[in-house]
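Read through the structure below, which is laid out as structure tokens, and then see the notes.
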Amino acid sequence: MTTSRPARVFTVPPEPADAPAPLPEPDVADLRLETVLGALSDPLRLRVVRKLLLESEAFDHPCGWFGLDRPKSSLTHHFKALREAGVTRQRQYGLERRSQVRVADLEARFPGLLALVADWTPPSG
């Protein structure tokens with residue numbers, strides 16, 4: 001017998017009126033499970049998405065908010081991979097890019113996927 005868990009609800013703060021337009025990203029209808037899972041297969045990217053889901057303090061967050069000790073070029077690669085897969089949305093604020101999870105879009109295409117990401121326990125270390 002399986003027990004069902006209540007659906008997780010992720011809240012996203014409202015978009016500020018002065019927020020810049022998002023950088024190019026796939027349309028909701030073009031999101032592909034294998035592409036999303038490929039982006040999430042990297043432990044660092046999985047941590048980024050999980051942190052956004054569980055700890056967001058604002059509408060979107062800059063790279064520095066994540067506290068990742070990686071070279072800027074490496075972080076740029078990881079954030080771009082998440083955006084191009086359709087997992088996150090990025091906006092350019094001057095020289096800074098800020099990210100947020102595309103909660104509504106991912107829940108519409110792949111219900112329950114984000115709950116699995118949120119429930120994942122990162123390995124220590």
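Chain lettering (A, B, ...) mirrors the order of the structure tokens, residue numbering begins at 1 for each chain separately, and ligand numbering begins at 1 in order of display.
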Give me the residues within 12 Å of Leu68 of chain A as a ChimeraX atom specification, counting only C-alpha atoms and dropping any in the same chain fewer than 6 places off.
/A:44-45,47-48,51,62,74-76,78-79
DSSP strand (DSSP E) residues within chain A, as a VMD selection string:
chain A and resid 61 to 62 88 to 93 96 to 101
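Considering the residues A:Asp119, A:Glu25, A:Glu107, A:Asp18 and counting only C-alpha atoms, Phe59 of chain A has its shortest atom-to-atom contact with A:Asp18.
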Which residues are close to Gly94 of chain A, i.e. within 12 Å by only C-alpha atoms, leaving aside same-chain residues fewer than 2 positions away? Reply as a ChimeraX atom specification.
/A:19-20,62,91-92,96-98
Check the smallest atom-to-atom distance from each of A:Thr121, A:Thr11, A:Gln100, A:Ser41 to His61 of chain A using only C-alpha atoms, then report the winner.
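Looking at the shortest contact to His61 of chain A, the residue is A:Gln100.
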So that I can check the surroundings of Leu113 of chain A, please list as a PyMOL selection string every protein, DNA and RNA residue that reaches within 12 Å of it, counting only C-alpha atoms and ignoring chain neighbours fewer than 6 positions away.
chain A and resi 7-10+33+36-37+40+46+49-50+53+87+102-107+119-120
Would you kindly return, as JSON, numbers by chain, each protein, DNA or RNA residue with an atom no farther than 6 Å from any atom of Ser99 of chain A, considering only C-alpha atoms and excluding same-chain residues fewer than 4 positions away?
{"A": [60, 61, 89, 90]}
Put those residues in a file: N, CA and C atoms, as an mmCIF file, in the first residue's frame.
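That gives us result.cif:
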```cif
data_model
loop_
_atom_site.group_PDB
_atom_site.id
_atom_site.type_symbol
_atom_site.label_atom_id
_atom_site.label_comp_id
_atom_site.auth_asym_id
_atom_site.auth_seq_id
_atom_site.Cartn_x
_atom_site.Cartn_y
_atom_site.Cartn_z
ATOM 1 N N ASP A 60 14.268 37.075 -7.095
ATOM 2 C CA ASP A 60 15.351 36.347 -7.747
ATOM 3 C C ASP A 60 16.651 36.641 -7.009
ATOM 4 N N HIS A 61 17.676 35.833 -7.284
ATOM 5 C CA HIS A 61 18.908 35.908 -6.493
ATOM 6 C C HIS A 61 20.151 35.934 -7.364
ATOM 7 N N ARG A 89 14.862 30.802 -14.566
ATOM 8 C CA ARG A 89 14.703 32.019 -15.362
ATOM 9 C C ARG A 89 15.757 32.989 -14.847
ATOM 10 N N GLN A 90 16.447 33.638 -15.772
ATOM 11 C CA GLN A 90 17.457 34.625 -15.373
ATOM 12 C C GLN A 90 17.109 35.978 -15.956
#
```
Minimum-distance residue to Thr35 of chain A, chosen among A:Ala108, A:Ala115, A:Leu95, A:Ala81 (using only C-alpha atoms):
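Of A:Ala108, A:Ala115, A:Leu95, A:Ala81, the one nearest Thr35 of chain A, counting only C-alpha atoms, is A:Ala81.
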